Amino acid sequence: MNHLVVLPVLIPLLAGTLLLLAGRAGKAVERGIGLTATAALLLVALVLLSRVSAGELMVYYDGNWPAPYGIVLVVDRLSALMLSLAALLALASLLYAINGDDGRGPRFHLLFQMQLLGINGAFLTGDLFNLFVFFEILLIASYALQLHGGGRARVRAALHIVVLNLVGSAIFLIAIGAIYAATGTLNLADLAVKVAAASSEQTGLLRAGGLLLLVVFALKAALMPLGFWLPPAYAAASAPAAALFAIMTKVGVYAILRVHGLVFGPDAGATASLLSPWLLPIGLLTVFIATLGVLASRELRRLLAHLVVLSAGTLILTLGLDSEAATSAALYYALNSTLVGGGLFLLADLIARERGAAQVRLDREQAVARPALLGTLFFVGAIGVAGLPPLAGFAAKLYILQIAYLHTAASWVFSVVLLSGLLVIIALSRAGSALFWRTGDTAVLEADSGLLPAAATTLLLCGTAALMLGGGTVTAFTQATAAQLADRTAYIDAVMANPVVPSLHRKGGS
Amino acid sequence: MEAMVSVLIGVMTASAVYLLLRARIFPVVLGLSLLGYAVNIFLFASGRLQLESAPLVEHGLAQLPDPLPQALVLTAIVIGFGMTAFLVVLALRAFHELGDDQVDGGDKP
């Protein structure tokens with residue numbers, strides 16, 4: 001058993017504990033602990049990524065309990081990829097935050113590590129109830145991070161999120177209860193076996209449970225009609241928190257891919273391909289509504305929040321095309337949209353700082369102090385997120401449309417995705433020209449931001465260029481990931497193999 | 001007994017949904033607590049209902065209860081308790097900052 005697997009959960013937990021103990025030690029210590037832990041996390045995630053890239057599945061049996069009884073953590077290509085993405089995003093957000101944003105509310109670093117704990121746990125776990133627990137951890141940390149900095153808008157948005165997600169948690173538990181009542185297990189690999197062999201009288205309960213899980217994950221992923229909470233919340237959140245939140249919708253999409261792909265996959269007997277009729281329409285609707293939101297936004301942060309919803313919709317739409325190639329395209333798209341989405345939230349805050357009272361309202365009242373730097377970053381980010389050549393957003397969209405071409409719903413996908421792309425370009429160019437061009441002869445405010453925030457923003461926005469340059473390698477990896485996800489038997493065998501691990505007490509002869 | 005428990009869960013859930021749809025924060029908190037109770041009993045019942053069985057394990061009894069739903073309910077209670085406490089504090093703060101106890105987002109001056 002390889003203890004490397006549990007480190008992405010343990011590192012934030014230990015760092016969080018240290019941060020609690022070092023409560024009054026001052027900002028420098030807190031920043032040091034937070035940065036060290038996040039950098040270590042990125043390192044561990046990359047090591048895991050290189051270990052599993054050959055196709056190996058790493059299974060960790062918590063407390064050495066055999067598989068269907070204890071909790072297992074599983075790292076496959078998908079988990080390792082998402083862990084690395086989360087760690088990279090977290091490191092950039094934290095680099096941005098240590099320039100002063102972390103001091104605007106109490107315990108920022110502690111909450112940040114707890115958020116990472118929840119996200120990493122959700123990516124690692126191979127147990128349905130454990131997934132619920134990690135969801136709750138990431139949610140309660142996100143409520144507090146949402147409130148970081150205070151103010152009316154943040155409090156109001158947080159109230160909505162908390163009430164909605166508490167209802168979501170109740171539905172999650174009902175789904176878990178229904179599935180447990182029908183199968184008697186919550187281990188995902190064991191569930192896949194039991195669900196495939198389920199008798200016809202259990203089918204109703206299983207279908208209800210599976211579709212309730214879709215409701216919960218759709219709420220987390222902000223899919224329509226359950227995604228209206230996201231734009232006001234992300235628009236109000238402080239920049240580092242909003243940038244980290246860019247991965248939160250992907251956690252919901254990941255859960256759909258993992259749970260429904262494994263348990264309710266095409267070979268799941270009477271409940272086979274439970275979601276196939278749902279994902280494509282939900283995705284199309286989400287993209288449609290989010291595009292309207294992007295067009296209607298009068299403020300840059302709100303526009304970006306609608307773009308986050310749009311990217312979640314595009315992901316679900318792609319997964320709804322229901323093929324191995326579609327999964328690969330969705331993963332490539334997810335990498336690009338997460339990095340660019342996070343980078344743009346940081347950039348919006350950079351712009352807001354330089355515009356003083358005008359903030360990021362899309363008007364011409366105030367010019368920014370560094371138009372060349374911020375304008376270039378905005379240009380790169382806008383191209384990356386709207387899907388124009390030469391950056392990775394274009395490649396991702398081309399990849400998706402190439403797969404949709406052969407699908408029966410091709411006309412729907414093409415018209416919605418291309419039209420939404422055009423409208424997003426219009427909205428972004430309108431925003432860019434309002435913020436950077438024709439700003440009149442307004443006096444420039446004194447810029448107080450140093451180089452570090454701009455560097456962190458650039459790091460994330462360069463991700464889209466790196467994804468384009470390394471496109472061949474990345475798509476080869478996402479294709480291998482999709483193939484691994486489609487091979488359910490390998491996952492089940494790896495988890496249920498239960499290799500005997502030498503126990504400390506075995507010599508006692510119990 | 002099955003009928004009684006399922007009616008109980010149904011009535012509690014219905015009342016909880018009614019309370020959740022109120023526009024004020026206090027009924028919403030009550031509704032969420034009630035929903036939590038309904039969900040916990042549902043989870044508990046997912047391990048099958050049994051009469052006169054041991055609480056966990058007892059020698060000489062052929063029928064033993066399923067311990068896993070009990071553990072799940074315990075975890076769910078703890079998490080629900082923490083979340084409700086957080087919501088109550090947040091509601092108080094919202095009342096002070098926003099000046100009303102509406103949860104539907106009406107922005108009154």
# chains A, B, ... in the order shown; residues from 1 in each chain; ligands from 1
$ residues_around --residues "range 88-103 of chain B" --least-positions-apart "3" --cutoff "10 Å" --atoms "only C-alpha atoms" --output "NGL selection string"
(:A and (143-144 or 147 or 150-160 or 162-163)) or (:B and (21-26 or 28-29 or 83-85 or 106-109))
$ residues_around --residues "Val216 in chain A" --least-positions-apart "2" --cutoff "10 Å" --atoms "only C-alpha atoms" --output "JSON, numbers by chain"
{"A": [165, 167, 168, 169, 170, 171, 172, 173, 175, 211, 212, 213, 214, 218, 219, 220, 221, 222, 226, 252, 255, 256]}
$ residues_around --residues "Ile71 in chain A" --least-positions-apart "3" --cutoff "7 Å" --atoms "only C-alpha atoms" --output "PyMOL selection string"
chain A and resi 61-62+127
$ residues_around --residues "range 456-464 of chain A" --least-positions-apart "2" --cutoff "8 Å" --atoms "only C-alpha atoms" --output "count of residues only"
26
$ atom_distance --atom1 "CA of Ala71 in chain B" --atom2 "CA of Gly265 in chain A"
28.6 Å
$ closest_residue --among "A:Val416, A:Leu307, A:Ala246, A:Ala181" --to "chain B" --atoms "only C-alpha atoms"
A:Ala181
$ select_by_dssp --residues "chain B" --states "alpha helix (DSSP H)" --output "ChimeraX atom specification"
/B:2-20,25-45,67-98
$ atom_distance --atom1 "CA of Leu138 in chain A" --atom2 "CA of Ile119 in chain A"
6.0 Å
$ residues_around --residues "Gly10 in chain B" --least-positions-apart "4" --cutoff "8 Å" --atoms "only C-alpha atoms" --output "list in words"
Ser6, Ala14 and Ala38 of chain B
$ write_last_selection --atoms "N, CA and C atoms" --output "compact mmCIF listing (two decimals), in the first residue's frame"
# COMPACT_ATOMS: atom_id res chain seq x y z
N SER B 6 -42.99 5.37 7.37
CA SER B 6 -42.95 6.08 6.08
C SER B 6 -43.90 7.28 6.08
N ALA B 14 -42.80 16.94 4.06
CA ALA B 14 -43.74 17.91 3.50
C ALA B 14 -43.75 19.19 4.32
N ALA B 38 -36.11 14.12 9.12
CA ALA B 38 -36.76 13.20 8.17
C ALA B 38 -35.71 12.36 7.45
$ closest_residue --among "B:Ala3, B:Leu34, B:Leu8, B:Ser53" --to "chain A" --atoms "only C-alpha atoms"
B:Leu34
